[in-house]
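As structure tokens, the structure follows; a few thoughts come after it.
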Amino acid sequence: MAGDLQSADVVYLDYNATAPLRPEALEAVLGALQSVGNASSMHHPGREAADRVDVARRSLADLLNCTPGEIIFTSGATEANNLALRLGYARGGMLVTTAAEHLAVVETARTVTADHPESLLILPVDEDGIVDLEPLSAALRDHPVALVSLMLANNETGVLTDLAPVCKAAHEAGALVHTDATQYVGRLPMDLGELDVDLLSLSAHKFGGPQGVGALFVRRGTPLPHRPLLVGGGHERGWRAGTLNVAGITGLGAAAQAAHQQLADEVVRVAALRDALEAALIAEVTDCRINGARVPRLPGVTSVTFPGVPADAVLAAMPQVAASDGSACSSGAPSPSHVLLAMGHSRDDADSTVRFSLGYATTERDIERAATAAIAAVRHVRSVMAATAEP
């Protein structure tokens, strides 16, 4: 399975950065690329393209348990987050988010409130990455709040957020709720009939679809001003102008359908593999810590701190394993993970943390190889550092 999707020489454990393209999605994308037609054109090729989009929209709606008309296709979750936060904040009132959000939310929140920074409330998280809701309760009680934006699953630690009490409190106060569900969709069951959020962002490439395409769910009847980010031809019911990316959307739909059909088995299998990797590391590497291990997490994510051992050195010492020293979206940045700092980690510990993220194509052999390589890499780096430190 995995051998068909990645180099036999590299164990790919960076699904939170991007997942391998599912075979079903690849087939769908190639089929769409071999056809011609603008989905807005009324001739036969155009209608065929529109039909592909309609099928994809229904497949994604099935995965989310919503109606197709509540889905707006975008270029990805970053665009969806930008659109959601700008629309929500434009209602008037405070914008509330957390210190551990993806930068696509944090930086958007700071940008839209730049003229009125006092209208932005950033909630702290505890050492496990759980959001402190007391400041939110106070804000909802004492101020008009336009939008609350909390991610469902953290991209670095996999820690999950219980949004049920947030939605209840926010809606009682007249606020809307947005969630960045980029890492959650296609990884755990999603039911928007139960999860009472007003807006939800996602990206296809996190669950085996192509890069460069995503969606924003907007619950029917949500009171929002009509202020799209992209204006022009009025595509996507006027919410997102631009010729539809038919091939990308088709691939998203195929990945959504595959994930929907296979999710129950994938959740159990991937969680077992993640647990096996963590057990091997804890047994063989002195002082290593699993971040967020005490609270509910995504099944395929483990954030491991190797105190005193720079993560970039560990990764360099195990080139046969594709993992990450944080969010791929901010790789190369000189500052350590803002998520780990928000959880109370020191800068040194944040710089000594490796994220392994598994997915649908990960095998037991992959985990065995990754564990062996990671253990050897940490020991090697510690040995080099000790020798260098000797007078």
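Ligands are numbered from 1 in the order shown, chains are lettered A, B, ... in the order of the structure tokens, and residues start at 1 in each chain.
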
In segment 205-245 of chain A, DSSP strand (DSSP E) residues written as an MDAnalysis selection string: chainID A and resid 214:218

Quick one: residues within 10 Å of Val231 of chain A, only C-alpha atoms counted, chain neighbours fewer than 5 positions away excluded, as a list in words?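 The residues that qualify are Gly238, Trp239, Arg240, Ala241 and Gly242 of chain A.
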
Would you list, as number ranges by chain, the residues of segment 284-359 of chain A that end up in helix (DSSP H, G or I) under DSSP run on this structure's backbone? A: 284, 311-317, 328-330, 338-342, 347-350

Residue neighbourhood segment 112-116 of chain A, 8 Å, only C-alpha atoms, exclusion window fewer than 2 positions, as JSON, numbers by chain: {"A": [85, 86, 89, 95, 108, 109, 110, 118, 119, 120]}

With a cut-off of 12 Å, could you pull out the residues of segment 337-360 of chain A touching segment 146-154 of chain A and give me the nearest pair of atoms for each, distance in Å to one decimal, using only C-alpha atoms, ordered by chain and ascending number, as CSV?
residue,atom,partner,partner_atom,distance
A:His338,CA,A:Asn154,CA,11.9
A:Val339,CA,A:Asn154,CA,8.6
A:Leu340,CA,A:Asn154,CA,10.9
A:Met343,CA,A:Asn154,CA,11.9
A:Arg355,CA,A:Asn154,CA,11.8
A:Ser357,CA,A:Asn154,CA,11.9

Those same residues, written as a PDB file, in the first residue's frame with C-alpha atoms?
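Here's the written file part_30.pdb:
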ATOM      1  CA  HIS A 338       4.299  29.005  18.835  1.00  0.00           C
ATOM      2  CA  VAL A 339       2.036  26.082  19.738  1.00  0.00           C
ATOM      3  CA  LEU A 340       4.570  24.486  22.079  1.00  0.00           C
ATOM      4  CA  MET A 343       1.680  25.114  26.057  1.00  0.00           C
ATOM      5  CA  ARG A 355       6.324  15.573  14.971  1.00  0.00           C
ATOM      6  CA  SER A 357       2.182  12.075  11.608  1.00  0.00           C
TER       7      SER A 357
END

May I have the residues within 12 Å of Gln262 of chain A as number ranges by chain, using only C-alpha atoms and disregarding those fewer than 3 positions away in the same chain? A: 22, 63, 186-189, 207, 255-259, 265-270, 359-361

Those residues you just picked out, can you put them in a file as a short mmCIF file (atom, residue, chain, number, x, y, z; two decimals), in the first residue's frame with all heavy atoms?
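Writing done, so here's again37.cif:
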data_model
loop_
_atom_site.label_atom_id
_atom_site.label_comp_id
_atom_site.auth_asym_id
_atom_site.auth_seq_id
_atom_site.Cartn_x
_atom_site.Cartn_y
_atom_site.Cartn_z
N ARG A 22 -4.37 9.76 -2.50
CA ARG A 22 -5.05 8.47 -2.55
C ARG A 22 -5.18 8.00 -4.00
O ARG A 22 -5.39 8.82 -4.91
CB ARG A 22 -6.44 8.57 -1.91
CG ARG A 22 -6.43 8.76 -0.39
CD ARG A 22 -7.85 8.86 0.13
NE ARG A 22 -7.89 9.13 1.56
CZ ARG A 22 -8.04 8.21 2.51
NH1 ARG A 22 -8.17 6.93 2.15
NH2 ARG A 22 -8.07 8.53 3.78
N LEU A 63 -19.27 13.19 3.55
CA LEU A 63 -18.22 13.02 4.56
C LEU A 63 -18.48 13.89 5.78
O LEU A 63 -18.24 13.47 6.92
CB LEU A 63 -16.85 13.35 3.95
CG LEU A 63 -15.65 13.28 4.89
CD1 LEU A 63 -15.41 11.85 5.38
CD2 LEU A 63 -14.39 13.81 4.19
N GLY A 186 -11.52 13.76 7.53
CA GLY A 186 -10.91 12.60 6.90
C GLY A 186 -10.03 11.79 7.82
O GLY A 186 -9.50 10.74 7.42
N ARG A 187 -9.84 12.26 9.07
CA ARG A 187 -9.02 11.54 10.05
C ARG A 187 -9.89 10.93 11.16
O ARG A 187 -9.55 9.90 11.72
CB ARG A 187 -8.00 12.49 10.69
CG ARG A 187 -7.17 13.30 9.71
CD ARG A 187 -6.03 12.50 9.13
NE ARG A 187 -5.19 13.32 8.26
CZ ARG A 187 -4.20 14.11 8.68
NH1 ARG A 187 -3.95 14.21 9.98
NH2 ARG A 187 -3.47 14.79 7.82
N LEU A 188 -10.99 11.62 11.50
CA LEU A 188 -11.96 11.15 12.47
C LEU A 188 -13.36 11.42 11.91
O LEU A 188 -13.52 12.33 11.08
CB LEU A 188 -11.78 11.86 13.82
CG LEU A 188 -10.61 11.41 14.70
CD1 LEU A 188 -10.47 12.35 15.90
CD2 LEU A 188 -10.78 9.97 15.16
N PRO A 189 -14.37 10.68 12.34
CA PRO A 189 -15.72 10.90 11.83
C PRO A 189 -16.19 12.33 12.11
O PRO A 189 -15.95 12.89 13.18
CB PRO A 189 -16.57 9.89 12.61
CG PRO A 189 -15.61 8.82 12.99
CD PRO A 189 -14.31 9.51 13.27
N PHE A 207 -6.21 14.81 3.65
CA PHE A 207 -6.83 13.48 3.73
C PHE A 207 -6.71 12.71 2.42
O PHE A 207 -7.50 11.82 2.14
CB PHE A 207 -8.29 13.56 4.20
CG PHE A 207 -9.20 14.45 3.38
CD1 PHE A 207 -9.91 13.94 2.31
CD2 PHE A 207 -9.36 15.78 3.72
CE1 PHE A 207 -10.77 14.74 1.57
CE2 PHE A 207 -10.22 16.60 3.00
CZ PHE A 207 -10.92 16.07 1.91
N ALA A 255 -11.25 11.74 -2.88
CA ALA A 255 -10.59 11.48 -1.59
C ALA A 255 -11.60 11.47 -0.46
O ALA A 255 -11.51 10.65 0.47
CB ALA A 255 -9.50 12.53 -1.34
N ALA A 256 -12.56 12.38 -0.51
CA ALA A 256 -13.60 12.42 0.52
C ALA A 256 -14.42 11.14 0.52
O ALA A 256 -14.74 10.58 1.58
CB ALA A 256 -14.51 13.63 0.30
N GLN A 257 -14.77 10.66 -0.67
CA GLN A 257 -15.55 9.42 -0.77
C GLN A 257 -14.75 8.24 -0.23
O GLN A 257 -15.28 7.40 0.53
CB GLN A 257 -15.95 9.17 -2.22
CG GLN A 257 -16.82 7.93 -2.40
CD GLN A 257 -17.20 7.70 -3.85
OE1 GLN A 257 -16.35 7.80 -4.74
NE2 GLN A 257 -18.46 7.41 -4.09
N ALA A 258 -13.45 8.17 -0.59
CA ALA A 258 -12.62 7.06 -0.11
C ALA A 258 -12.46 7.12 1.41
O ALA A 258 -12.56 6.09 2.10
CB ALA A 258 -11.26 7.10 -0.79
N ALA A 259 -12.21 8.32 1.93
CA ALA A 259 -12.06 8.47 3.37
C ALA A 259 -13.35 8.07 4.10
O ALA A 259 -13.31 7.40 5.14
CB ALA A 259 -11.67 9.90 3.71
N ASP A 265 -12.12 1.79 9.73
CA ASP A 265 -10.96 0.89 9.85
C ASP A 265 -9.67 1.68 10.00
O ASP A 265 -8.78 1.28 10.77
CB ASP A 265 -10.87 -0.02 8.62
CG ASP A 265 -12.01 -1.03 8.57
OD1 ASP A 265 -12.57 -1.34 9.65
OD2 ASP A 265 -12.33 -1.51 7.47
N GLU A 266 -9.53 2.80 9.27
CA GLU A 266 -8.31 3.58 9.32
C GLU A 266 -8.05 4.15 10.70
O GLU A 266 -6.91 4.17 11.18
CB GLU A 266 -8.36 4.72 8.29
CG GLU A 266 -8.21 4.25 6.86
CD GLU A 266 -8.30 5.40 5.86
OE1 GLU A 266 -8.36 6.57 6.29
OE2 GLU A 266 -8.30 5.11 4.64
N VAL A 267 -9.09 4.62 11.37
CA VAL A 267 -8.93 5.23 12.69
C VAL A 267 -8.31 4.23 13.66
O VAL A 267 -7.34 4.55 14.38
CB VAL A 267 -10.28 5.74 13.24
CG1 VAL A 267 -10.16 6.10 14.71
CG2 VAL A 267 -10.76 6.94 12.44
N VAL A 268 -8.84 3.02 13.70
CA VAL A 268 -8.36 2.00 14.64
C VAL A 268 -6.94 1.58 14.29
O VAL A 268 -6.05 1.48 15.17
CB VAL A 268 -9.30 0.78 14.62
CG1 VAL A 268 -8.74 -0.34 15.49
CG2 VAL A 268 -10.68 1.18 15.10
N ARG A 269 -6.69 1.35 13.01
CA ARG A 269 -5.37 0.86 12.59
C ARG A 269 -4.28 1.90 12.81
O ARG A 269 -3.20 1.60 13.34
CB ARG A 269 -5.43 0.45 11.11
CG ARG A 269 -4.20 -0.28 10.60
CD ARG A 269 -4.33 -0.61 9.13
NE ARG A 269 -4.34 0.62 8.33
CZ ARG A 269 -3.24 1.28 7.97
NH1 ARG A 269 -2.05 0.83 8.35
NH2 ARG A 269 -3.32 2.35 7.23
N VAL A 270 -4.57 3.14 12.43
CA VAL A 270 -3.57 4.21 12.55
C VAL A 270 -3.28 4.53 14.01
O VAL A 270 -2.12 4.77 14.40
CB VAL A 270 -4.03 5.47 11.79
CG1 VAL A 270 -3.12 6.65 12.08
CG2 VAL A 270 -4.06 5.19 10.29
N GLY A 359 -0.84 8.07 8.57
CA GLY A 359 -2.10 8.13 7.84
C GLY A 359 -2.49 6.83 7.19
O GLY A 359 -1.99 5.75 7.55
N TYR A 360 -3.37 6.95 6.21
CA TYR A 360 -4.05 5.78 5.66
C TYR A 360 -3.09 4.77 5.04
O TYR A 360 -3.38 3.56 5.00
CB TYR A 360 -5.08 6.23 4.61
CG TYR A 360 -4.49 6.67 3.30
CD1 TYR A 360 -4.34 5.79 2.25
CD2 TYR A 360 -4.05 7.98 3.12
CE1 TYR A 360 -3.79 6.18 1.05
CE2 TYR A 360 -3.51 8.39 1.93
CZ TYR A 360 -3.36 7.49 0.89
OH TYR A 360 -2.80 7.89 -0.29
N ALA A 361 -1.92 5.20 4.55
CA ALA A 361 -1.01 4.28 3.87
C ALA A 361 0.13 3.81 4.76
O ALA A 361 0.99 3.04 4.31
CB ALA A 361 -0.44 4.94 2.61
#

Point out the residue among A:Val378, A:Ala313, A:Ala169, A:Ile367 with the least atom-to-atom distance to Val285 of chain A, counting only C-alpha atoms.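 Using only C-alpha atoms, the shortest distance to Val285 of chain A belongs to A:Val378.
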
Top pick for closest residue to Leu160 of chain A, considering A:Leu298, A:Leu103, A:Ala264, A:Ala181 and counting only C-alpha atoms: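 For Leu160 of chain A, the nearest of the given residues is A:Leu298.
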
Between A:Val55, A:Ala389, A:Cys167, A:Val321, which is the closest to Val10 of chain A once you count only C-alpha atoms? A:Val321
